[in-house]
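Undergrad: Sharing final38.cif, mmCIF, C-alpha atoms:
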```cif
data_model
#
loop_
_atom_site.group_PDB
_atom_site.id
_atom_site.type_symbol
_atom_site.label_atom_id
_atom_site.label_comp_id
_atom_site.auth_asym_id
_atom_site.auth_seq_id
_atom_site.Cartn_x
_atom_site.Cartn_y
_atom_site.Cartn_z
ATOM 1 C CA MET I 1 85.321 86.767 75.092
ATOM 2 C CA LEU I 2 87.051 90.071 74.552
ATOM 3 C CA THR I 3 89.044 91.376 77.506
ATOM 4 C CA VAL I 4 90.306 94.918 77.983
ATOM 5 C CA VAL I 5 93.139 95.109 80.503
ATOM 6 C CA GLY I 6 94.251 98.248 82.273
ATOM 7 C CA ILE I 7 98.025 97.968 82.503
ATOM 8 C CA GLY I 8 98.576 100.817 84.936
ATOM 9 C CA PRO I 9 100.882 103.814 84.613
ATOM 10 C CA GLY I 10 103.638 101.904 82.834
ATOM 11 C CA ALA I 11 105.812 99.832 85.170
ATOM 12 C CA ALA I 12 104.928 96.120 85.218
ATOM 13 C CA GLU I 13 104.863 96.094 89.028
ATOM 14 C CA TYR I 14 101.585 98.059 88.932
ATOM 15 C CA LEU I 15 99.718 95.347 87.010
ATOM 16 C CA THR I 16 97.074 93.526 89.041
ATOM 17 C CA PHE I 17 97.144 89.734 89.403
ATOM 18 C CA GLN I 18 93.959 89.536 87.341
ATOM 19 C CA ALA I 19 95.604 91.554 84.556
ATOM 20 C CA HIS I 20 98.622 89.199 84.558
ATOM 21 C CA ARG I 21 96.340 86.157 84.318
ATOM 22 C CA ALA I 22 94.341 87.573 81.424
ATOM 23 C CA ILE I 23 97.494 88.463 79.470
ATOM 24 C CA ASN I 24 99.061 85.055 80.113
ATOM 25 C CA ASP I 25 95.868 83.298 78.925
ATOM 26 C CA ALA I 26 95.461 85.398 75.764
ATOM 27 C CA GLU I 27 95.856 84.082 72.254
ATOM 28 C CA ILE I 28 96.149 87.597 70.814
ATOM 29 C CA LEU I 29 97.422 90.811 72.424
ATOM 30 C CA VAL I 30 96.311 94.129 70.943
ATOM 31 C CA GLY I 31 98.082 97.311 71.971
ATOM 32 C CA GLY I 32 100.219 100.281 71.038
ATOM 33 C CA LYS I 33 103.912 99.814 70.329
ATOM 34 C CA ARG I 34 104.960 100.933 73.815
ATOM 35 C CA GLN I 35 102.324 98.734 75.468
ATOM 36 C CA LEU I 36 103.259 95.611 73.512
ATOM 37 C CA ALA I 37 106.948 96.200 74.313
ATOM 38 C CA LEU I 38 106.122 95.674 78.008
ATOM 39 C CA PHE I 39 105.135 92.099 77.143
ATOM 40 C CA ALA I 40 107.967 91.154 74.793
ATOM 41 C CA GLU I 41 107.959 87.610 76.235
ATOM 42 C CA PHE I 42 104.377 87.020 75.006
ATOM 43 C CA ARG I 43 104.430 84.123 72.525
ATOM 44 C CA GLY I 44 100.981 84.501 70.980
ATOM 45 C CA GLU I 45 99.866 86.703 68.114
ATOM 46 C CA THR I 46 100.007 90.491 68.454
ATOM 47 C CA ARG I 47 98.147 93.264 66.666
ATOM 48 C CA LEU I 48 99.292 96.877 66.708
ATOM 49 C CA LEU I 49 96.657 99.316 67.885
ATOM 50 C CA ASP I 50 96.607 102.365 65.619
ATOM 51 C CA SER I 51 94.221 105.258 64.958
ATOM 52 C CA ASP I 52 91.814 103.087 62.927
ATOM 53 C CA LEU I 53 89.478 102.276 65.817
ATOM 54 C CA ASP I 54 86.550 101.524 63.500
ATOM 55 C CA GLY I 55 88.688 98.908 61.758
ATOM 56 C CA LEU I 56 89.695 97.479 65.123
ATOM 57 C CA VAL I 57 86.061 97.115 66.212
ATOM 58 C CA VAL I 58 85.241 95.239 62.977
ATOM 59 C CA TRP I 59 88.285 92.973 63.368
ATOM 60 C CA LEU I 60 87.446 92.236 67.014
ATOM 61 C CA GLY I 61 83.877 91.331 66.032
ATOM 62 C CA GLU I 62 85.208 88.886 63.447
ATOM 63 C CA ASN I 63 87.566 87.232 65.951
ATOM 64 C CA MET I 64 85.407 86.900 69.070
ATOM 65 C CA ALA I 65 85.992 83.138 69.173
ATOM 66 C CA LYS I 66 89.634 83.810 70.133
ATOM 67 C CA ARG I 67 90.922 84.931 73.528
ATOM 68 C CA ILE I 68 91.821 88.538 72.722
ATOM 69 C CA VAL I 69 93.234 91.020 75.228
ATOM 70 C CA VAL I 70 93.284 94.710 74.361
ATOM 71 C CA LEU I 71 95.905 96.562 76.415
ATOM 72 C CA ALA I 72 94.940 99.973 77.779
ATOM 73 C CA SER I 73 97.319 102.383 79.488
ATOM 74 C CA GLY I 74 96.256 103.267 83.022
ATOM 75 C CA ASP I 75 92.597 102.385 83.474
ATOM 76 C CA PRO I 76 90.549 101.514 80.357
ATOM 77 C CA LEU I 77 87.607 103.698 81.407
ATOM 78 C CA ILE I 78 89.503 106.902 82.251
ATOM 79 C CA TYR I 79 89.913 108.444 78.811
ATOM 80 C CA GLY I 80 90.854 105.038 77.453
ATOM 81 C CA ILE I 81 89.695 102.568 74.829
ATOM 82 C CA GLY I 82 87.285 100.907 77.278
ATOM 83 C CA LYS I 83 84.539 103.435 76.537
ATOM 84 C CA ARG I 84 84.720 102.838 72.772
ATOM 85 C CA LEU I 85 84.635 99.049 73.124
ATOM 86 C CA ALA I 86 81.830 99.122 75.720
ATOM 87 C CA ALA I 87 79.751 101.090 73.205
ATOM 88 C CA ASN I 88 80.274 98.396 70.553
ATOM 89 C CA PHE I 89 80.137 95.112 72.459
ATOM 90 C CA PRO I 90 77.489 93.911 74.947
ATOM 91 C CA PRO I 91 78.557 93.170 78.553
ATOM 92 C CA GLU I 92 78.299 89.405 77.994
ATOM 93 C CA GLN I 93 81.015 89.637 75.307
ATOM 94 C CA LEU I 94 83.269 92.132 77.058
ATOM 95 C CA ARG I 95 85.284 91.926 80.254
ATOM 96 C CA ILE I 96 87.071 95.050 81.512
ATOM 97 C CA ILE I 97 89.873 94.629 84.054
ATOM 98 C CA PRO I 98 90.578 97.966 85.759
ATOM 99 C CA GLY I 99 94.086 99.272 86.192
ATOM 100 C CA ILE I 100 95.762 101.970 88.238
ATOM 101 C CA SER I 101 95.308 105.165 86.252
ATOM 102 C CA SER I 102 98.056 107.731 85.828
ATOM 103 C CA VAL I 103 95.750 110.164 87.645
ATOM 104 C CA GLN I 104 95.488 107.844 90.671
ATOM 105 C CA TYR I 105 99.228 107.265 90.617
ATOM 106 C CA LEU I 106 100.098 110.988 90.531
ATOM 107 C CA CYS I 107 97.572 111.823 93.251
ATOM 108 C CA ALA I 108 99.130 109.151 95.466
ATOM 109 C CA LYS I 109 102.653 110.410 94.790
ATOM 110 C CA ALA I 110 101.646 114.025 95.506
ATOM 111 C CA ALA I 111 99.366 113.128 98.471
ATOM 112 C CA VAL I 112 96.374 114.821 96.828
ATOM 113 C CA ASP I 113 93.043 113.253 97.777
ATOM 114 C CA MET I 114 90.641 112.456 94.948
ATOM 115 C CA ASN I 115 87.356 113.042 96.792
ATOM 116 C CA ASP I 116 86.360 116.184 94.861
ATOM 117 C CA LEU I 117 88.663 115.769 91.856
ATOM 118 C CA TRP I 118 87.306 116.658 88.398
ATOM 119 C CA ILE I 119 88.977 114.552 85.699
ATOM 120 C CA THR I 120 89.309 115.744 82.110
ATOM 121 C CA SER I 121 91.644 115.368 79.154
ATOM 122 C CA SER I 122 93.377 117.338 76.432
ATOM 123 C CA HIS I 123 94.256 114.136 74.600
ATOM 124 C CA GLY I 124 93.025 114.721 71.062
ATOM 125 C CA ARG I 125 90.448 117.270 72.205
ATOM 126 C CA GLU I 126 90.110 120.940 73.092
ATOM 127 C CA PRO I 127 89.773 121.281 76.880
ATOM 128 C CA ASP I 128 87.036 123.390 78.454
ATOM 129 C CA PHE I 129 89.254 125.923 80.215
ATOM 130 C CA LYS I 130 86.260 127.768 81.618
ATOM 131 C CA ALA I 131 85.202 124.612 83.454
ATOM 132 C CA ILE I 132 88.792 123.892 84.505
ATOM 133 C CA ALA I 133 89.059 127.381 86.008
ATOM 134 C CA ALA I 134 85.742 126.877 87.839
ATOM 135 C CA HIS I 135 86.807 123.677 89.622
ATOM 136 C CA GLN I 136 89.002 123.756 92.692
ATOM 137 C CA LYS I 137 90.836 120.524 91.913
ATOM 138 C CA VAL I 138 91.343 119.151 88.388
ATOM 139 C CA ALA I 139 93.329 116.261 86.925
ATOM 140 C CA MET I 140 94.090 116.343 83.219
ATOM 141 C CA VAL I 141 95.413 113.610 80.961
ATOM 142 C CA THR I 142 97.489 115.558 78.429
ATOM 143 C CA ASP I 143 98.852 115.111 74.934
ATOM 144 C CA THR I 144 101.813 116.582 73.052
ATOM 145 C CA ILE I 145 99.756 119.516 71.714
ATOM 146 C CA ILE I 146 98.033 120.778 74.865
ATOM 147 C CA GLY I 147 100.393 120.095 77.749
ATOM 148 C CA PRO I 148 101.352 121.856 80.989
ATOM 149 C CA HIS I 149 102.615 125.100 79.417
ATOM 150 C CA VAL I 150 99.491 125.687 77.327
ATOM 151 C CA ILE I 151 97.293 124.821 80.315
ATOM 152 C CA ALA I 152 99.218 127.241 82.544
ATOM 153 C CA GLN I 153 99.017 130.048 79.965
ATOM 154 C CA GLU I 154 95.262 129.580 79.521
ATOM 155 C CA LEU I 155 94.729 129.826 83.285
ATOM 156 C CA LEU I 156 97.000 132.862 83.603
ATOM 157 C CA LYS I 157 94.950 134.566 80.856
ATOM 158 C CA ARG I 158 91.927 134.117 83.106
ATOM 159 C CA GLY I 159 93.634 135.889 85.991
ATOM 160 C CA LEU I 160 94.508 132.682 87.845
ATOM 161 C CA ASN I 161 97.917 131.451 89.005
ATOM 162 C CA PRO I 162 97.099 127.987 90.371
ATOM 163 C CA THR I 163 99.526 125.316 91.535
ATOM 164 C CA LEU I 164 100.216 122.686 88.887
ATOM 165 C CA ILE I 165 101.544 119.261 89.825
ATOM 166 C CA ILE I 166 103.140 117.802 86.716
ATOM 167 C CA GLY I 167 104.023 114.117 86.607
ATOM 168 C CA GLU I 168 106.447 113.138 83.834
ATOM 169 C CA ASN I 169 107.091 109.543 82.732
ATOM 170 C CA LEU I 170 105.145 108.202 85.689
ATOM 171 C CA SER I 171 106.358 104.929 87.241
ATOM 172 C CA SER I 172 109.415 104.799 84.956
ATOM 173 C CA ALA I 173 113.076 105.121 85.939
ATOM 174 C CA ASP I 174 113.131 108.742 84.763
ATOM 175 C CA GLU I 175 109.943 109.794 86.556
ATOM 176 C CA ARG I 176 109.856 113.441 87.640
ATOM 177 C CA ILE I 177 107.163 115.240 89.614
ATOM 178 C CA HIS I 178 107.064 119.053 89.720
ATOM 179 C CA ARG I 179 104.906 121.315 91.906
ATOM 180 C CA LEU I 180 104.874 124.825 90.382
ATOM 181 C CA ARG I 181 102.751 127.931 90.124
ATOM 182 C CA ALA I 182 101.305 128.364 86.635
ATOM 183 C CA ALA I 183 103.606 131.344 86.025
ATOM 184 C CA ASP I 184 106.660 129.111 86.557
ATOM 185 C CA VAL I 185 105.679 126.226 84.260
ATOM 186 C CA ALA I 186 108.308 125.510 81.599
ATOM 187 C CA GLN I 187 107.720 125.159 77.845
ATOM 188 C CA SER I 188 108.211 121.412 77.563
ATOM 189 C CA TYR I 189 107.788 118.241 79.608
ATOM 190 C CA ALA I 190 107.980 114.549 78.771
ATOM 191 C CA MET I 191 104.796 112.425 78.696
ATOM 192 C CA ASN I 192 102.751 113.763 81.582
ATOM 193 C CA VAL I 193 99.606 114.131 83.637
ATOM 194 C CA VAL I 194 98.714 117.404 85.360
ATOM 195 C CA ILE I 195 96.845 118.166 88.586
ATOM 196 C CA ILE I 196 95.584 121.748 88.844
ATOM 197 C CA LEU I 197 94.887 123.189 92.305
ATOM 198 C CA ASN I 198 92.815 126.357 91.998
ATOM 199 C CA GLU I 199 93.137 127.721 95.521
ATOM 200 C CA ARG I 200 90.229 129.937 96.502
#
```
Can the structure from this file be put into C-alpha coordinates for me?

TA:
Amino acid sequence: MLTVVGIGPGAAEYLTFQAHRAINDAEILVGGKRQLALFAEFRGETRLLDSDLDGLVVWLGENMAKRIVVLASGDPLIYGIGKRLAANFPPEQLRIIPGISSVQYLCAKAAVDMNDLWITSSHGREPDFKAIAAHQKVAMVTDTIIGPHVIAQELLKRGLNPTLIIGENLSSADERIHRLRAADVAQSYAMNVVIILNER
(Lines of atoms letter the chains of each structure in order from A and count residues from 1; the text may use other names and numbers.)
(Lines give C-alpha, C1' and ligand atoms only; values in the text may rest on other atoms or scores of the structure.)
Protein backbone atom coordinates (compact mmCIF):
# COMPACT_ATOMS: atom_id res chain seq x y z
CA MET A 1 0.00 0.00 0.00
CA LEU A 2 1.27 3.41 -0.99
CA THR A 3 0.49 6.21 1.45
CA VAL A 4 0.70 9.93 0.74
CA VAL A 5 0.93 11.99 3.92
CA GLY A 6 0.17 15.67 4.18
CA ILE A 7 2.72 17.04 6.62
CA GLY A 8 1.13 20.44 7.14
CA PRO A 9 2.68 23.88 6.77
CA GLY A 10 6.08 22.84 8.12
CA ALA A 11 6.21 22.62 11.91
CA ALA A 12 5.93 19.06 13.26
CA GLU A 13 3.23 20.12 15.74
CA TYR A 14 0.77 20.45 12.84
CA LEU A 15 1.06 16.78 11.84
CA THR A 16 -2.05 14.71 12.56
CA PHE A 17 -1.86 11.57 14.70
CA GLN A 18 -2.67 9.49 11.62
CA ALA A 19 0.23 11.10 9.74
CA HIS A 20 2.62 10.30 12.63
CA ARG A 21 1.47 6.67 12.66
CA ALA A 22 1.92 6.23 8.92
CA ILE A 23 5.43 7.72 9.00
CA ASN A 24 6.45 5.61 12.00
CA ASP A 25 5.18 2.43 10.26
CA ALA A 26 6.88 3.16 6.92
CA GLU A 27 9.74 1.17 5.48
CA ILE A 28 10.59 3.91 2.98
CA LEU A 29 10.04 7.68 3.18
CA VAL A 30 9.94 9.66 -0.06
CA GLY A 31 10.16 13.44 0.07
CA GLY A 32 12.02 16.61 -0.78
CA LYS A 33 15.19 17.51 1.09
CA ARG A 34 13.39 19.92 3.43
CA GLN A 35 10.60 17.42 4.09
CA LEU A 36 12.94 14.53 4.88
CA ALA A 37 14.95 16.79 7.22
CA LEU A 38 11.84 17.07 9.43
CA PHE A 39 12.11 13.32 10.06
CA ALA A 40 15.85 12.98 10.60
CA GLU A 41 15.21 10.33 13.29
CA PHE A 42 13.58 8.00 10.72
CA ARG A 43 15.64 4.79 10.55
CA GLY A 44 14.22 3.26 7.37
CA GLU A 45 15.20 3.87 3.77
CA THR A 46 14.68 7.30 2.21
CA ARG A 47 14.31 8.42 -1.39
CA LEU A 48 14.73 12.03 -2.48
CA LEU A 49 11.79 13.40 -4.42
CA ASP A 50 13.02 15.35 -7.43
CA SER A 51 11.48 16.69 -10.65
CA ASP A 52 11.41 13.23 -12.30
CA LEU A 53 7.82 12.42 -11.34
CA ASP A 54 7.43 9.89 -14.16
CA GLY A 55 10.43 8.00 -12.80
CA LEU A 56 8.95 8.15 -9.31
CA VAL A 57 5.65 6.67 -10.50
CA VAL A 58 7.51 3.77 -12.16
CA TRP A 59 9.63 3.17 -9.05
CA LEU A 60 6.57 3.25 -6.78
CA GLY A 61 4.81 0.72 -9.02
CA GLU A 62 7.81 -1.60 -8.75
CA ASN A 63 7.91 -1.34 -4.94
CA MET A 64 4.24 -1.60 -3.97
CA ALA A 65 4.97 -4.58 -1.72
CA LYS A 66 6.82 -2.23 0.67
CA ARG A 67 5.26 0.25 3.08
CA ILE A 68 6.09 3.50 1.29
CA VAL A 69 5.09 6.96 2.52
CA VAL A 70 5.35 9.92 0.17
CA LEU A 71 5.60 13.19 2.11
CA ALA A 72 3.61 16.14 0.77
CA SER A 73 3.87 19.70 2.07
CA GLY A 74 0.56 21.05 3.35
CA ASP A 75 -2.26 18.92 1.98
CA PRO A 76 -1.46 16.42 -0.80
CA LEU A 77 -4.51 17.41 -2.87
CA ILE A 78 -4.07 21.21 -2.81
CA TYR A 79 -1.55 21.71 -5.59
CA GLY A 80 0.42 18.75 -4.27
CA ILE A 81 1.67 15.38 -5.44
CA GLY A 82 -1.57 13.67 -4.39
CA LYS A 83 -3.27 14.51 -7.69
CA ARG A 84 -0.46 12.98 -9.77
CA LEU A 85 -0.38 9.77 -7.72
CA ALA A 86 -4.18 9.44 -7.66
CA ALA A 87 -4.11 9.56 -11.47
CA ASN A 88 -1.62 6.67 -11.59
CA PHE A 89 -2.71 4.33 -8.80
CA PRO A 90 -6.20 2.93 -8.09
CA PRO A 91 -7.87 3.77 -4.75
CA GLU A 92 -7.28 0.25 -3.41
CA GLN A 93 -3.50 0.78 -3.73
CA LEU A 94 -3.38 4.37 -2.52
CA ARG A 95 -4.15 5.95 0.83
CA ILE A 96 -4.07 9.75 1.14
CA ILE A 97 -3.81 11.27 4.62
CA PRO A 98 -4.84 14.94 4.50
CA GLY A 99 -2.78 17.63 6.15
CA ILE A 100 -3.29 21.24 7.13
CA SER A 101 -2.56 23.24 3.99
CA SER A 102 -0.57 26.46 4.02
CA VAL A 103 -3.72 28.15 2.70
CA GLN A 104 -5.78 26.92 5.68
CA TYR A 105 -3.02 27.94 8.07
CA LEU A 106 -2.73 31.49 6.68
CA CYS A 107 -6.50 31.96 6.61
CA ALA A 108 -6.66 30.94 10.27
CA LYS A 109 -3.82 33.27 11.22
CA ALA A 110 -5.40 36.19 9.34
CA ALA A 111 -8.99 35.35 10.42
CA VAL A 112 -10.15 35.11 6.80
CA ASP A 113 -13.02 32.66 6.29
CA MET A 114 -12.67 30.17 3.45
CA ASN A 115 -16.35 29.86 2.49
CA ASP A 116 -16.04 31.61 -0.89
CA LEU A 117 -12.26 31.32 -1.34
CA TRP A 118 -10.91 30.53 -4.83
CA ILE A 119 -7.63 28.61 -4.61
CA THR A 120 -5.02 28.73 -7.36
CA SER A 121 -1.26 28.50 -7.78
CA SER A 122 1.66 30.12 -9.54
CA HIS A 123 3.89 27.18 -8.67
CA GLY A 124 5.42 26.15 -11.98
CA ARG A 125 2.53 27.64 -13.96
CA GLU A 126 1.29 30.93 -15.38
CA PRO A 127 -1.62 32.19 -13.25
CA ASP A 128 -4.87 33.35 -14.82
CA PHE A 129 -4.78 36.96 -13.64
CA LYS A 130 -8.08 37.74 -15.34
CA ALA A 131 -9.78 35.11 -13.19
CA ILE A 132 -7.89 36.26 -10.09
CA ALA A 133 -9.10 39.82 -10.67
CA ALA A 134 -12.68 38.56 -11.11
CA HIS A 135 -12.84 36.75 -7.76
CA GLN A 136 -13.42 38.61 -4.53
CA LYS A 137 -11.25 36.34 -2.40
CA VAL A 138 -8.29 34.34 -3.75
CA ALA A 139 -5.57 32.22 -2.15
CA MET A 140 -2.46 31.53 -4.19
CA VAL A 141 0.34 29.05 -3.57
CA THR A 142 3.37 30.85 -5.01
CA ASP A 143 6.82 30.00 -6.30
CA THR A 144 10.09 31.94 -6.57
CA ILE A 145 9.25 33.25 -10.06
CA ILE A 146 5.71 34.55 -9.60
CA GLY A 147 5.45 35.76 -6.02
CA PRO A 148 3.69 38.62 -4.21
CA HIS A 149 5.35 41.49 -6.12
CA VAL A 150 4.53 40.11 -9.56
CA ILE A 151 0.97 39.33 -8.43
CA ALA A 152 0.54 42.86 -7.06
CA GLN A 153 1.91 44.45 -10.25
CA GLU A 154 -0.40 42.38 -12.46
CA LEU A 155 -3.43 43.47 -10.41
CA LEU A 156 -2.35 47.12 -10.40
CA LYS A 157 -2.07 46.95 -14.21
CA ARG A 158 -5.73 45.98 -14.24
CA GLY A 159 -6.71 49.05 -12.24
CA LEU A 160 -7.05 47.17 -8.95
CA ASN A 161 -5.31 47.84 -5.63
CA PRO A 162 -6.49 44.91 -3.50
CA THR A 163 -5.30 43.93 -0.04
CA LEU A 164 -2.70 41.17 -0.09
CA ILE A 165 -2.05 39.03 2.97
CA ILE A 166 1.39 37.51 2.56
CA GLY A 167 2.47 34.66 4.81
CA GLU A 168 6.23 34.00 4.86
CA ASN A 169 7.82 30.83 6.27
CA LEU A 170 4.52 29.74 7.76
CA SER A 171 4.63 27.85 11.08
CA SER A 172 8.41 28.33 11.39
CA ALA A 173 10.29 30.39 13.97
CA ASP A 174 10.78 33.20 11.45
CA GLU A 175 7.16 33.33 10.29
CA ARG A 176 5.97 36.76 9.16
CA ILE A 177 2.50 37.79 8.03
CA HIS A 178 1.96 41.08 6.17
CA ARG A 179 -1.32 42.78 5.25
CA LEU A 180 -0.65 45.36 2.51
CA ARG A 181 -2.29 47.10 -0.40
CA ALA A 182 -0.94 45.87 -3.73
CA ALA A 183 0.82 49.21 -4.28
CA ASP A 184 2.85 48.69 -1.09
CA VAL A 185 4.04 45.12 -1.74
CA ALA A 186 7.84 44.81 -1.63
CA GLN A 187 10.07 43.17 -4.26
CA SER A 188 11.00 40.05 -2.32
CA TYR A 189 9.60 37.73 0.34
CA ALA A 190 10.70 34.37 1.72
CA MET A 191 8.70 31.21 0.89
CA ASN A 192 5.10 32.37 0.96
CA VAL A 193 1.40 32.00 0.33
CA VAL A 194 -0.77 34.96 -0.66
CA ILE A 195 -4.42 35.79 0.01
CA ILE A 196 -5.86 38.45 -2.30
CA LEU A 197 -8.91 40.42 -1.14
CA ASN A 198 -10.50 42.22 -4.08
CA GLU A 199 -12.86 44.56 -2.26
CA ARG A 200 -15.84 45.57 -4.36

Undergrad: For this structure, which residues satisfy the selection - the PyMOL selection byres ((chain I and resi 161) around 12) - when it is evaluated on the file as given? I want them as a list in words.

TA: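 Answer for the PyMOL selection byres ((chain I and resi 161) around 12): Ala133, Ile151, Ala152, Gln153, Glu154, Leu155, Leu156, Lys157, Arg158, Gly159, Leu160, Pro162, Thr163, Leu164, Leu180, Arg181, Ala182, Ala183, Asp184, Val185, Ile196, Leu197, Asn198, Glu199 and Arg200 of chain I.
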
Undergrad: Using only C-alpha atoms, determine which residues lie at most 10 Å from I:Asp50, disregarding the query and same-chain residues fewer than 2 positions distant; provide the list as an NGL selection string.

TA: :I and (30-33 or 47-48 or 52-53 or 55-56)

Undergrad: Between I:Pro127, I:Leu71, I:His135, I:Leu85, which one has atoms that come closest to I:Leu15, using only C-alpha atoms?

TA: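 That would be I:Leu71, the residue with the smallest distance to I:Leu15.
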
Undergrad: Which residues fall under the PyMOL selection byres ((chain I and resi 168-173) around 8) in this file, as a PDB file with C-alpha atoms, in the coordinates of the input?

TA:
```pdb
ATOM      1  CA  PRO I   9     100.882 103.814  84.613  1.00  0.00           C
ATOM      2  CA  GLY I  10     103.638 101.904  82.834  1.00  0.00           C
ATOM      3  CA  ALA I  11     105.812  99.832  85.170  1.00  0.00           C
ATOM      4  CA  SER I 102      98.056 107.731  85.828  1.00  0.00           C
ATOM      5  CA  TYR I 105      99.228 107.265  90.617  1.00  0.00           C
ATOM      6  CA  LEU I 106     100.098 110.988  90.531  1.00  0.00           C
ATOM      7  CA  ILE I 166     103.140 117.802  86.716  1.00  0.00           C
ATOM      8  CA  GLY I 167     104.023 114.117  86.607  1.00  0.00           C
ATOM      9  CA  ASP I 174     113.131 108.742  84.763  1.00  0.00           C
ATOM     10  CA  GLU I 175     109.943 109.794  86.556  1.00  0.00           C
ATOM     11  CA  ARG I 176     109.856 113.441  87.640  1.00  0.00           C
ATOM     12  CA  ILE I 177     107.163 115.240  89.614  1.00  0.00           C
ATOM     13  CA  TYR I 189     107.788 118.241  79.608  1.00  0.00           C
ATOM     14  CA  ALA I 190     107.980 114.549  78.771  1.00  0.00           C
ATOM     15  CA  MET I 191     104.796 112.425  78.696  1.00  0.00           C
ATOM     16  CA  ASN I 192     102.751 113.763  81.582  1.00  0.00           C
ATOM     17  CA  VAL I 193      99.606 114.131  83.637  1.00  0.00           C
TER      18      VAL I 193
END
```

Undergrad: Please compute the atom CA of I:Glu13-atom CA of I:Leu38 distance, one decimal, in Å.

TA: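 Straight-line distance from atom CA of I:Glu13 to atom CA of I:Leu38 works out to 11.1 Å.
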
Undergrad: Of the candidates I:Ala72, I:Ile96, I:Ile146, I:Ile119, which shows the shortest atom-to-atom distance to I:Leu36, using all atoms listed in the file?

TA: I:Ala72

Undergrad: With all atoms listed in the file as the basis for distance, which of I:Ile81, I:Ala108, I:Ala86, I:Val69 is at the shortest distance from I:Asp25?

TA: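 Distance minimum relative to I:Asp25 lands on I:Val69.
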
Undergrad: Taking all atoms listed in the file into account, which of I:Ala40, I:Ile132, I:Val70, I:Ile97 comes nearest I:Phe17?

TA: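 Smallest separation from I:Phe17 among the options: I:Ile97.
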